[in-house]
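Novice: Next up, query.cif (mmCIF, C-alpha atoms).
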data_my_file
loop_
_atom_site.label_atom_id
_atom_site.label_comp_id
_atom_site.auth_asym_id
_atom_site.auth_seq_id
_atom_site.Cartn_x
_atom_site.Cartn_y
_atom_site.Cartn_z
CA MET P 608 -61.18 -8.75 39.16
CA ILE P 609 -57.94 -7.11 37.97
CA GLU P 610 -58.53 -4.21 40.36
CA GLU P 611 -58.83 -6.65 43.26
CA LEU P 612 -55.73 -8.48 42.07
CA TYR P 613 -53.80 -5.21 42.03
CA GLU P 614 -54.83 -4.40 45.61
CA ARG P 615 -53.58 -7.79 46.74
CA LEU P 616 -50.34 -7.35 44.80
CA HIS P 617 -49.89 -3.87 46.25
CA ALA P 618 -50.19 -5.22 49.79
CA ALA P 619 -47.91 -8.18 49.11
CA ALA P 620 -45.16 -6.09 47.47
CA ASN P 621 -45.07 -3.96 50.61
CA ALA P 622 -45.02 -6.84 53.12
CA LEU P 623 -48.52 -5.97 54.35
CA SER P 624 -50.04 -9.42 53.88
CA GLU P 625 -49.26 -13.10 54.25
CA ASP P 626 -48.45 -13.38 50.54
CA SER P 627 -44.67 -13.72 50.44
CA ALA P 628 -44.00 -14.62 46.81
CA ILE P 629 -45.50 -15.41 43.44
CA ARG P 630 -44.57 -18.79 42.03
CA VAL P 631 -44.93 -20.32 38.59
CA ARG P 632 -44.58 -24.07 38.23
CA ALA P 633 -44.79 -25.62 34.79
CA ALA P 634 -44.18 -29.03 33.24
CA TYR P 635 -43.21 -29.57 29.61
CA GLU P 636 -42.47 -32.36 27.20
CA PRO P 637 -40.57 -32.35 23.90
CA THR P 638 -42.65 -31.63 20.81
CA SER P 639 -41.67 -35.11 19.62
CA GLY P 640 -43.32 -36.62 22.71
CA SER P 641 -42.36 -37.88 26.15
CA GLY P 642 -38.77 -39.12 26.24
CA GLY P 643 -37.91 -37.39 22.97
CA ARG P 644 -34.41 -36.02 22.53
CA ILE P 645 -33.79 -32.37 23.48
CA CYS P 646 -30.61 -30.31 23.46
CA PRO P 647 -29.40 -28.55 26.62
CA PRO P 648 -26.89 -25.69 26.35
CA THR P 649 -23.35 -26.97 25.89
CA VAL P 650 -20.49 -25.93 28.17
CA LYS P 651 -16.81 -26.78 28.34
CA ALA P 652 -16.39 -29.45 31.00
CA LYS P 653 -13.56 -28.78 33.46
CA SER P 654 -12.60 -32.44 33.75
CA THR P 655 -12.26 -33.16 30.02
CA ASP P 656 -11.99 -29.68 28.45
CA ALA P 657 -14.59 -30.95 25.96
CA ALA P 658 -18.20 -29.98 25.31
CA GLY P 659 -20.67 -31.26 27.88
CA TYR P 660 -23.89 -30.50 29.75
CA LEU P 661 -24.56 -29.10 33.23
CA ILE P 662 -25.76 -32.08 35.27
CA GLU P 663 -26.16 -32.02 39.04
CA PRO P 664 -27.97 -33.83 41.88
CA ARG P 665 -31.13 -32.20 43.16
CA TYR P 666 -34.19 -33.05 45.25
CA VAL P 667 -37.34 -33.28 43.14
CA GLU P 668 -40.53 -34.00 45.09
CA GLY P 669 -38.40 -35.26 47.98
CA ASP P 670 -36.31 -37.70 45.96
CA GLU P 671 -32.65 -37.18 45.10
CA VAL P 672 -32.27 -37.34 41.34
CA ARG P 673 -29.89 -36.10 38.67
CA VAL P 674 -31.07 -33.17 36.60
CA VAL P 675 -29.71 -31.45 33.53
CA LEU P 676 -29.97 -27.68 33.32
CA LEU P 677 -31.93 -26.65 30.23
CA ASP P 678 -32.00 -22.89 30.80
CA GLN P 679 -30.17 -20.91 33.47
CA ARG P 680 -31.52 -18.01 35.51
CA GLN P 681 -29.65 -15.44 33.46
CA SER P 682 -31.02 -16.85 30.22
CA GLN P 683 -34.58 -17.00 31.54
CA ALA P 684 -34.33 -13.35 32.63
CA ASN P 685 -33.02 -12.43 29.18
CA ARG P 686 -36.04 -14.12 27.59
CA CYS P 687 -38.36 -12.04 29.76
CA GLU P 688 -36.49 -8.84 28.90
CA GLN P 689 -36.62 -9.65 25.19
CA ALA P 690 -40.36 -10.32 25.44
CA LEU P 691 -40.87 -6.96 27.14
CA LEU P 692 -38.76 -5.22 24.51
CA ASP P 693 -40.76 -6.90 21.74
CA ALA P 694 -43.96 -5.61 23.36
CA VAL P 695 -42.46 -2.10 23.50
CA ARG P 696 -41.54 -2.28 19.82
CA ARG P 697 -45.09 -3.46 18.98
CA GLU P 698 -46.26 -0.40 20.94
CA ASP P 699 -48.34 -2.59 23.24
CA LEU P 700 -46.73 -0.84 26.21
CA PHE P 701 -43.73 1.27 27.14
CA LEU P 702 -40.98 0.70 29.68
CA PRO P 703 -38.25 3.31 30.13
CA HIS P 704 -34.87 2.04 28.96
CA LEU P 705 -31.55 3.14 27.49
CA GLU P 706 -30.78 2.67 23.81
CA LEU P 707 -27.44 2.93 22.04
CA THR P 708 -27.69 3.37 18.27
CA THR P 709 -25.11 3.65 15.51
CA GLU P 710 -24.19 2.28 12.10
CA ALA P 711 -21.38 -0.06 11.11
CA GLY P 712 -20.63 -1.68 7.78
CA GLY P 713 -23.77 -0.18 6.31
CA THR P 714 -25.87 -1.86 9.01
CA ALA P 715 -27.97 -0.14 11.66
CA VAL P 716 -26.80 -1.23 15.11
CA SER P 717 -28.86 -0.94 18.29
CA ILE P 718 -28.53 -2.28 21.82
CA THR P 719 -30.83 -1.46 24.71
CA SER P 720 -30.58 -1.86 28.46
CA LEU P 721 -33.11 -4.70 28.07
CA GLU P 722 -30.51 -6.57 25.99
CA ALA P 723 -27.10 -5.50 27.32
CA PRO P 724 -25.44 -8.06 29.66
CA HIS P 725 -25.19 -5.62 32.58
CA ARG P 726 -28.39 -3.73 31.74
CA SER P 727 -28.15 0.04 32.30
CA CYS P 728 -24.74 -0.37 33.99
CA ASP P 729 -23.25 -2.06 30.93
CA ALA P 730 -19.98 -0.86 29.45
CA TYR P 731 -21.81 -0.08 26.20
CA PHE P 732 -23.54 2.81 27.95
CA ARG P 733 -20.53 3.80 30.04
CA ASP P 734 -18.61 4.24 26.77
CA SER P 735 -21.33 6.28 25.06
CA GLN P 736 -22.30 9.93 24.71
CA ASN P 737 -25.35 12.00 23.77
CA GLU P 738 -25.77 13.94 20.54
CA GLU P 739 -23.95 16.94 22.06
CA GLY P 740 -20.91 14.79 22.85
CA THR P 741 -21.46 14.69 26.62
CA THR P 742 -20.29 11.39 28.08
CA PHE P 743 -23.10 9.22 29.41
CA ASP P 744 -22.06 9.48 33.06
CA LYS P 745 -22.24 13.29 32.81
CA THR P 746 -25.65 13.44 31.17
CA GLU P 747 -28.64 14.12 33.41
CA VAL P 748 -29.84 10.53 33.17
CA GLY P 749 -26.39 8.97 33.54
CA ALA P 750 -25.48 11.13 36.52
CA ALA P 751 -28.75 10.29 38.25
CA LEU P 752 -28.12 6.56 37.82
CA ARG P 753 -24.57 6.96 39.14
CA ARG P 754 -25.81 8.82 42.25
CA ALA P 755 -28.37 6.14 43.06
CA GLY P 756 -27.79 3.81 45.98
CA ALA P 757 -29.55 1.37 48.26
CA ALA P 758 -31.41 4.16 50.05
CA ASP P 759 -32.52 5.84 46.84
CA LEU P 760 -33.09 3.81 43.67
CA ARG P 761 -35.52 6.34 42.23
CA ALA P 762 -33.37 6.92 39.12
CA TYR P 763 -33.58 3.24 38.20
CA LEU P 764 -37.35 3.21 38.68
CA ASP P 765 -37.60 6.26 36.43
CA GLN P 766 -35.11 5.35 33.69
CA SER P 767 -34.59 1.57 33.70
CA PRO P 768 -37.12 -0.18 35.96
CA ALA P 769 -36.33 -3.65 34.57
CA ASP P 770 -32.97 -3.37 36.38
CA LEU P 771 -34.82 -3.56 39.69
CA VAL P 772 -36.73 -6.65 38.56
CA TYR P 773 -33.91 -8.69 37.00
CA GLY P 774 -31.01 -7.34 39.06
CA VAL P 775 -28.22 -4.93 38.30
CA TRP P 776 -24.60 -4.48 39.41
CA ASP P 777 -22.48 -1.47 38.51
CA SER P 778 -19.28 -3.53 38.37
CA HIS P 779 -17.59 -1.70 35.48
CA ARG P 780 -16.93 1.56 37.35
CA LYS P 781 -14.29 1.93 40.02
CA ARG P 782 -15.90 3.15 43.23
CA ARG P 783 -15.87 2.09 46.85
CA ILE P 784 -19.63 1.54 47.04
CA GLN P 785 -21.15 -0.02 43.93
CA VAL P 786 -24.85 -0.23 43.10
CA LYS P 787 -25.86 -3.87 43.42
CA VAL P 788 -29.53 -4.84 43.37
CA PRO P 789 -30.43 -8.55 43.64
CA ARG P 790 -32.92 -9.96 41.16
CA ALA P 791 -36.53 -10.09 42.32
CA TYR P 792 -37.51 -12.45 39.50
CA THR P 793 -35.87 -15.87 39.21
CA SER P 794 -36.63 -18.72 36.82
CA GLU P 795 -34.88 -21.84 35.59
CA MET P 796 -35.66 -24.97 33.59
CA TYR P 797 -34.27 -28.47 34.06
CA GLY P 798 -34.79 -32.03 32.89
CA VAL P 799 -35.11 -34.94 35.34
CA SER P 800 -32.95 -38.11 35.15
CA PRO P 801 -31.14 -37.28 31.91
CA LEU P 802 -29.81 -39.97 29.61
CA VAL P 803 -27.10 -38.40 27.48
CA GLY P 804 -27.19 -39.33 23.81
CA VAL P 805 -24.53 -39.32 21.11
CA ARG P 806 -24.49 -38.16 17.53
CA ALA P 807 -22.18 -38.43 14.55
CA ALA P 808 -21.18 -35.02 13.24
CA GLY P 809 -19.54 -34.62 9.83
CA ARG P 810 -19.82 -32.88 6.48
CA VAL P 811 -20.61 -34.21 3.01
CA ASP P 812 -19.31 -32.20 0.03
CA ARG P 813 -21.63 -32.55 -2.98
CA LEU P 814 -18.71 -32.31 -5.43
CA ASN P 815 -16.37 -34.34 -3.21
CA LEU P 816 -13.68 -31.65 -3.29
CA ALA P 817 -10.37 -32.83 -1.97
CA GLY P 818 -9.47 -31.84 1.59
CA ASP P 819 -6.01 -30.69 0.57
CA THR P 820 -4.07 -27.90 2.24
CA VAL P 821 -4.45 -24.49 0.58
CA ALA P 822 -2.79 -21.08 0.92
CA VAL P 823 -4.94 -18.43 2.62
CA THR P 824 -4.51 -14.68 2.16
CA GLU P 825 -6.64 -11.62 2.86
CA THR P 826 -8.10 -11.82 -0.65
CA GLY P 827 -9.00 -15.52 -0.53
CA TRP P 828 -7.39 -18.95 -0.93
CA SER P 829 -5.60 -20.87 -3.64
CA PRO P 830 -4.57 -24.54 -4.13
CA LEU P 831 -0.95 -25.45 -3.40
CA ASP P 832 -0.89 -28.51 -5.68
CA GLY P 833 1.17 -30.47 -3.18
CA ALA P 834 3.70 -27.68 -2.61
CA LYS P 835 4.45 -26.14 0.78
CA PRO P 836 3.08 -22.64 1.39
CA PRO P 837 5.62 -19.77 1.61
CA ARG P 838 6.72 -18.83 5.12
CA ASP P 839 4.73 -15.61 5.18
CA VAL P 840 1.49 -17.21 3.91
CA ALA P 841 -1.03 -18.93 6.17
CA SER P 842 -2.40 -22.32 5.26
CA ALA P 843 -5.48 -24.36 6.08
CA ARG P 844 -7.24 -27.51 4.98
CA MET P 845 -10.18 -27.14 2.61
CA SER P 846 -12.54 -28.50 5.27
CA GLU P 847 -11.63 -25.62 7.58
CA LEU P 848 -12.82 -23.16 4.94
CA GLY P 849 -16.18 -24.82 4.35
CA HIS P 850 -15.19 -27.10 1.43
CA GLY P 851 -14.26 -30.77 1.27
CA MET P 852 -15.33 -33.78 3.28
CA ILE P 853 -15.27 -34.12 7.06
CA PRO P 854 -15.53 -37.74 8.25
CA PRO P 855 -18.28 -38.24 10.89
CA SER P 856 -17.05 -38.25 14.48
CA GLU P 857 -18.86 -38.97 17.73
CA GLY P 858 -20.14 -36.07 19.82
CA ILE P 859 -22.76 -35.34 22.46
CA GLY P 860 -26.25 -35.65 21.03
CA GLY P 861 -28.78 -34.21 23.41
CA VAL P 862 -30.60 -35.89 26.27
CA SER P 863 -33.74 -37.86 26.98
CA VAL P 864 -35.42 -36.99 30.30
CA LYS P 865 -38.32 -38.24 32.38
CA ALA P 866 -39.79 -34.75 32.78
CA VAL P 867 -39.05 -31.09 32.12
CA HIS P 868 -39.83 -28.52 34.81
CA ARG P 869 -39.74 -24.74 35.02
CA GLN P 870 -39.79 -22.99 38.37
CA ALA P 871 -40.12 -19.22 38.57
CA THR P 872 -40.59 -16.90 41.53
CA VAL P 873 -41.18 -13.23 42.14
CA SER P 874 -39.66 -12.35 45.52
CA LEU P 875 -42.05 -9.90 47.13
CA ALA P 876 -39.67 -9.70 50.08
CA GLN P 877 -36.94 -8.35 47.78
CA LEU P 878 -39.30 -5.80 46.24
CA SER P 879 -40.46 -4.64 49.68
CA SER P 880 -36.84 -3.80 50.54
CA LEU P 881 -36.46 -1.24 47.73
CA ARG P 882 -36.25 2.44 48.67
CA PHE P 883 -36.74 5.49 46.45
CA GLY P 884 -35.35 8.34 48.53
CA SER P 885 -37.34 11.24 49.93
CA VAL P 886 -40.74 10.37 48.51
CA THR P 887 -44.12 9.66 50.07
CA GLU P 888 -45.00 6.24 51.42
CA GLU P 889 -47.71 6.14 48.78
CA PHE P 890 -45.13 6.58 46.01
CA THR P 891 -42.83 3.91 47.46
CA ALA P 892 -45.67 1.42 47.81
CA ALA P 893 -46.97 2.06 44.29
CA GLY P 894 -43.45 1.78 42.85
CA ARG P 895 -42.91 -1.63 44.41
CA ALA P 896 -46.28 -2.87 43.13
CA LEU P 897 -45.42 -1.59 39.66
CA LEU P 898 -42.16 -3.55 39.65
CA ALA P 899 -44.03 -6.68 40.76
CA SER P 900 -46.41 -6.25 37.84
CA ILE P 901 -43.46 -5.89 35.43
CA ALA P 902 -41.97 -9.15 36.74
CA LEU P 903 -45.26 -10.97 36.23
CA LEU P 904 -45.79 -9.40 32.79
CA GLY P 905 -42.33 -10.40 31.60
CA ASP P 906 -42.93 -13.99 32.68
CA ARG P 907 -46.31 -14.21 30.96
CA LEU P 908 -45.05 -12.63 27.75
CA ALA P 909 -42.05 -14.97 27.61
CA PHE P 910 -43.59 -18.20 28.89
CA GLY P 911 -47.38 -17.86 28.74
CA ALA P 912 -47.79 -19.50 25.33
CA SER P 913 -48.58 -23.19 24.80
CA ALA P 914 -45.13 -23.96 23.36
CA LEU P 915 -41.58 -22.80 23.99
CA HIS P 916 -38.47 -22.69 21.80
CA LEU P 917 -35.27 -22.62 23.85
CA ARG P 918 -32.71 -23.32 21.10
CA SER P 919 -32.12 -25.54 18.11
CA GLY P 920 -33.24 -29.04 19.07
CA CYS P 921 -35.10 -27.91 22.20
CA ASP P 922 -38.74 -27.20 21.40
CA LEU P 923 -41.23 -27.93 24.18
CA VAL P 924 -44.98 -27.95 24.74
CA VAL P 925 -46.68 -27.10 28.02
CA VAL P 926 -48.19 -30.07 29.85
CA SER P 927 -49.33 -28.21 32.95
CA GLU P 928 -48.83 -24.83 34.60
CA GLN P 929 -49.76 -23.17 37.88
CA VAL P 930 -49.39 -19.49 38.75
CA GLU P 931 -49.85 -19.14 42.49
CA TRP P 932 -49.45 -17.04 45.57
CA VAL P 933 -47.06 -18.45 48.16
CA GLN P 934 -48.19 -17.65 51.69
CA ARG P 935 -46.97 -18.12 55.23
CA GLY P 936 -47.11 -21.83 56.07
CA ARG P 937 -49.57 -23.22 58.59
CA ASN P 938 -48.83 -26.11 60.95
CA GLY P 939 -45.61 -26.83 59.14
CA VAL P 940 -47.33 -27.12 55.77
CA PRO P 941 -46.69 -24.73 52.85
CA VAL P 942 -49.74 -22.76 51.77
CA THR P 943 -50.36 -21.74 48.17
CA GLU P 944 -53.35 -20.27 46.39
CA PRO P 945 -54.04 -19.95 42.65
CA MET P 946 -53.34 -16.51 41.21
CA GLU P 947 -55.85 -15.33 38.63
CA CYS P 948 -53.26 -13.97 36.24
CA THR P 949 -52.22 -16.69 33.85
CA THR P 950 -52.25 -14.95 30.45
CA SER P 951 -50.21 -12.10 29.01
CA ARG P 952 -53.46 -10.18 28.54
CA ASP P 953 -54.24 -10.44 32.27
CA ALA P 954 -50.67 -9.44 33.16
CA GLN P 955 -50.74 -6.42 30.87
CA ALA P 956 -54.04 -5.25 32.34
CA LEU P 957 -52.50 -5.58 35.80
CA PHE P 958 -49.42 -3.64 34.66
CA GLU P 959 -51.57 -0.83 33.25
CA ILE P 960 -53.43 -0.44 36.55
CA ALA P 961 -50.15 -0.50 38.48
CA LEU P 962 -48.69 2.17 36.18
CA GLU P 963 -51.77 4.37 36.54
CA ARG P 964 -51.60 4.13 40.35
CA ALA P 965 -47.89 4.90 40.36
CA ARG P 966 -48.45 7.97 38.18
CA LYS P 967 -51.15 9.20 40.52
CA SER P 968 -48.66 8.93 43.39
CA GLY P 969 -46.06 11.03 41.53
CA LEU P 970 -44.22 8.76 39.08
CA GLU P 971 -43.17 10.53 35.88
CA TRP P 972 -41.91 8.16 33.23
CA PRO P 973 -40.32 9.39 29.98
CA VAL P 974 -42.24 8.60 26.80
CA GLU P 975 -39.24 7.35 24.80
CA PRO P 976 -35.86 5.68 25.46
CA PHE P 977 -32.83 7.70 26.52
CA ARG P 978 -30.73 7.47 23.36
CA VAL P 979 -26.95 7.67 23.12
CA ARG P 980 -24.22 6.96 20.58
CA PRO P 981 -20.87 5.16 21.00
CA ASN P 982 -17.80 7.23 21.79
CA ALA P 983 -14.94 7.11 19.27
CA SER P 984 -13.22 4.07 20.80
CA LEU P 985 -16.41 2.03 21.06
CA GLN P 986 -17.46 3.03 17.56
CA GLN P 987 -14.13 1.80 16.20
CA ALA P 988 -14.53 -1.52 18.03
CA ILE P 989 -18.09 -1.96 16.73
CA GLU P 990 -17.03 -1.22 13.15
CA LYS P 991 -14.25 -3.77 13.42
CA SER P 992 -16.82 -6.42 14.38
CA TYR P 993 -18.61 -5.82 11.08
CA GLU P 994 -15.52 -5.94 8.89
CA ILE P 995 -14.94 -8.91 6.61
CA ALA P 996 -11.26 -9.69 7.08
CA GLY P 997 -10.83 -12.62 4.73
CA ILE P 998 -11.79 -16.26 5.13
CA GLY P 999 -12.09 -17.94 8.51
CA ALA P 1000 -12.32 -21.50 9.74
CA ALA P 1001 -15.79 -23.02 9.75
CA GLU P 1002 -17.43 -23.33 13.15
CA GLU P 1003 -19.45 -26.28 14.40
CA GLU P 1004 -23.14 -25.77 15.10
#
Starting from the file, give its structure as structure tokens.
Specialist:
Amino acid sequence: MIEELYERLHAAANALSEDSAIRVRAAYEPTSGSGGRICPPTVKAKSTDAAGYLIEPRYVEGDEVRVVLLDQRQSQANRCEQALLDAVRREDLFLPHLELTTEAGGTAVSITSLEAPHRSCDAYFRDSQNEEGTTFDKTEVGAALRRAGAADLRAYLDQSPADLVYGVWDSHRKRRIQVKVPRAYTSEMYGVSPLVGVRAAGRVDRLNLAGDTVAVTETGWSPLDGAKPPRDVASARMSELGHGMIPPSEGIGGVSVKAVHRQATVSLAQLSSLRFGSVTEEFTAAGRALLASIALLGDRLAFGASALHLRSGCDLVVVSEQVEWVQRGRNGVPVTEPMECTTSRDAQALFEIALERARKSGLEWPVEPFRVRPNASLQQAIEKSYEIAGIGAAEEE
């Protein structure tokens, strides 16, 4: 069955069939039950300059309703990338990627192209070097990625294939023509007809320490006993340093929604537009199918379980889910067909077949990440992030 599924995926990723996309539609409800409170991501509202939620009008099943965004496209892609990276670290599979490693403050530090905001084109890698001290852009791998363009994305397929699935833009380097590949995988989650709740946020001090003003220095803080701090000494209230009482105040407290939906798509049209330079048609076709299998695998690893944790206060259970082929419509009616690849196990089996076929057509993947270290400037900046520079003001959750 998986072999047959691969053949269909191979044809679809190369625009040789009526299958134009893969779609995942899922419905969820809070773990507390229908209508239970969940917490969307907070943003700073332009109108009030205060914390708020992203709420917009949208058509849902033909009706205009208000929806609240629960997880944006970028965040959903990051969840897929993290799930793929976790699978790599479990040694369930391997995907080529870049990895920057160092140490700061006695802590091992690592960031990969599956985690960096701009993937393999991120400034972390631009400002790195190999063990011999060669800057990343002048290494064999870095130079190949820099030479890549719309007509030849072979270097990305070889060294960082997830870039071609989730999109990449080389915006941190000054050049007239920048590499910019649109995402082939898109997913988002939203709640329907949100009712915004409120909450009282405060802090109770077990010893009821006074919220007096104290003097703050690099070595710590000390009471002022009613006196004013010297001019050259900073001051703060005890509550800002994590002590003392904070009276409860009203704030946004999550939402209650009628339904929670996730919609994900793999654009086979986007994948069919990718080119890999002077290679055989067989290689190009197999490469596109491989990328389609990575997109499906990432989705199943990240979202194929029966429950989903988005953030604190936003735990969801799956109510229903459909993975389907989207085909050319007939008589003005959309046509879909169930896709027999609903579990991560199915998706990994499909990926393994796609990888084997791509290798037979000439693909040569490395067997480990391309590792680099920060240059001196980046290393200094990383170390500064791990320094403890005194006492800071407490942050809200």
Novice: Give me the residues near range 875-883 of chain P as a ChimeraX atom specification, where near means some atom within 6 Å (using all atoms listed in the file) and where sequence neighbours in that chain fewer than 4 positions away do not count.
Specialist: /P:620-621,627-628,758-761,791,895
Novice: Selection in question (the file shown): the PyMOL selection byres ((chain P and resi 947-957) around 12). Which residues does it include, as a ChimeraX atom specification?
Specialist: /P:608-617,629-633,687,690-691,694-695,699-701,896-913,927-932,944-946,958-964
Novice: To one decimal place in Å, what is the distance between CA of Asp670 in chain P and CA of Val924 in chain P?
Specialist: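 Those two atoms sit 24.9 Å apart.
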Novice: Could you give me the centre and size, in Å to one decimal, of an axis-aligned box around all listed atoms of range 645-650 of chain P with 6 Å added on every side, as lines of an AutoDock Vina configuration file?
Specialist:
center_x = -27.1
center_y = -29.0
center_z = 25.8
size_x = 25.3
size_y = 18.7
size_z = 16.7
Novice: Might you pull out every residue within 9 Å of range 654-663 of chain P, with only C-alpha atoms counted and same-chain residues fewer than 5 positions away left off, and present them as a compact mmCIF listing (two decimals) with C-alpha atoms, in the frame of the given file?
Specialist:
# COMPACT_ATOMS: atom_id res chain seq x y z
CA PRO P 647 -29.40 -28.55 26.62
CA PRO P 648 -26.89 -25.69 26.35
CA THR P 649 -23.35 -26.97 25.89
CA VAL P 672 -32.27 -37.34 41.34
CA ARG P 673 -29.89 -36.10 38.67
CA VAL P 674 -31.07 -33.17 36.60
CA VAL P 675 -29.71 -31.45 33.53
CA LEU P 676 -29.97 -27.68 33.32
CA LEU P 677 -31.93 -26.65 30.23
CA PRO P 801 -31.14 -37.28 31.91
CA VAL P 803 -27.10 -38.40 27.48
CA GLY P 858 -20.14 -36.07 19.82
CA ILE P 859 -22.76 -35.34 22.46
CA GLY P 861 -28.78 -34.21 23.41
Novice: Between CA of Phe977 in chain P and CA of Thr709 in chain P, what distance in Å does the model show, to one decimal?
Specialist: 14.0 Å
Novice: Go through P:Ser874, P:Leu752, P:Val933, P:Asp744 and flag the residue nearest Pro789 in chain P, using only C-alpha atoms for the distances.
Specialist: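 Counting only C-alpha atoms, the residue closest to Pro789 in chain P is P:Ser874.
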Novice: Could you expand the PyMOL selection byres ((chain P and resi 720) around 9) into the explicit residues it covers here, written as a list of chain:residue names?
Specialist: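 In the shown coordinates, the PyMOL selection byres ((chain P and resi 720) around 9) covers P:His704, P:Leu705, P:Glu706, P:Leu707, P:Ile718, P:Thr719, P:Leu721, P:Glu722, P:Ala723, P:Pro724, P:His725, P:Arg726, P:Ser727, P:Cys728, P:Asp729, P:Phe732, P:Ser767, P:Ala769, P:Asp770.
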Novice: Pick out the closest residue to Val772 in chain P from this set: P:Leu702, P:Val873, P:Ala841, P:Cys921. Count all atoms listed in the file.
Specialist: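 When distances to Val772 in chain P are compared using all atoms listed in the file, the smallest one comes from P:Val873.
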Novice: What would the selection look like, as a PyMOL selection string, if the PyMOL selection byres ((chain P and resi 935) around 8) were run on the coordinates I just shared?
Specialist: chain P and resi 625-627+933-934+936-937+941-942
Novice: Which residue, P:Gly798, P:Val979, P:Pro854, P:Ser682, has the smallest gap to Leu923 in chain P when you use only C-alpha atoms?
Specialist: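 Counting only C-alpha atoms, the residue closest to Leu923 in chain P is P:Gly798.
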Novice: So how many Å separate CA of Val864 in chain P and CA of Thr638 in chain P, to one decimal?
Specialist: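 Atom-to-atom, CA of Val864 in chain P to CA of Thr638 in chain P, that is 13.1 Å.
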Novice: Rank P:Glu888, P:Glu795, P:Glu636, P:Glu971 by their smallest atom-to-atom distance to Val926 in chain P, using all atoms listed in the file, and report the top residue only.
Specialist: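 Once distances to Val926 in chain P are computed over all atoms listed in the file, the minimum belongs to P:Glu636.
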Novice: Here is a test: counting all atoms listed in the file, which residue of P:Tyr797, P:Tyr666, P:Tyr731, P:Tyr635 is nearest to Gln986 in chain P?
Specialist: P:Tyr731
Novice: Of the residues P:Gln785, P:Ser641, P:Thr793, P:Ser800, which is the one nearest to Arg665 in chain P, using only C-alpha atoms?
Specialist: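 For Arg665 in chain P, the nearest of the candidates is P:Ser800.
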Novice: Generate N, CA and C atoms for range 901-915 of chain P and emit them as a compact mmCIF listing (two decimals), in the coordinates of the input.
Specialist:
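Resulting contents of selection-v7.txt:
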# COMPACT_ATOMS: atom_id res chain seq x y z
N ILE P 901 -44.40 -5.73 36.55
CA ILE P 901 -43.46 -5.89 35.43
C ILE P 901 -42.87 -7.30 35.44
N ALA P 902 -42.52 -7.80 36.63
CA ALA P 902 -41.97 -9.15 36.74
C ALA P 902 -42.98 -10.18 36.24
N LEU P 903 -44.23 -10.03 36.64
CA LEU P 903 -45.26 -10.97 36.23
C LEU P 903 -45.54 -10.85 34.73
N LEU P 904 -45.55 -9.62 34.22
CA LEU P 904 -45.79 -9.40 32.79
C LEU P 904 -44.68 -10.01 31.95
N GLY P 905 -43.43 -9.81 32.35
CA GLY P 905 -42.33 -10.40 31.60
C GLY P 905 -42.43 -11.91 31.53
N ASP P 906 -42.79 -12.54 32.65
CA ASP P 906 -42.93 -13.99 32.68
C ASP P 906 -44.04 -14.45 31.75
N ARG P 907 -45.18 -13.79 31.78
CA ARG P 907 -46.31 -14.21 30.96
C ARG P 907 -46.05 -13.97 29.48
N LEU P 908 -45.38 -12.89 29.15
CA LEU P 908 -45.05 -12.63 27.75
C LEU P 908 -44.06 -13.66 27.22
N ALA P 909 -43.10 -14.05 28.05
CA ALA P 909 -42.05 -14.97 27.61
C ALA P 909 -42.49 -16.43 27.66
N PHE P 910 -43.31 -16.79 28.64
CA PHE P 910 -43.59 -18.20 28.89
C PHE P 910 -45.08 -18.55 28.94
N GLY P 911 -45.95 -17.60 28.62
CA GLY P 911 -47.38 -17.86 28.74
C GLY P 911 -47.99 -18.61 27.58
N ALA P 912 -47.24 -18.80 26.49
CA ALA P 912 -47.79 -19.50 25.33
C ALA P 912 -47.81 -21.01 25.57
N SER P 913 -48.43 -21.74 24.63
CA SER P 913 -48.58 -23.19 24.80
C SER P 913 -47.32 -23.96 24.42
N ALA P 914 -46.38 -23.30 23.76
CA ALA P 914 -45.13 -23.96 23.36
C ALA P 914 -43.97 -23.01 23.61
N LEU P 915 -42.77 -23.59 23.67
CA LEU P 915 -41.58 -22.80 23.99
C LEU P 915 -40.40 -23.29 23.18
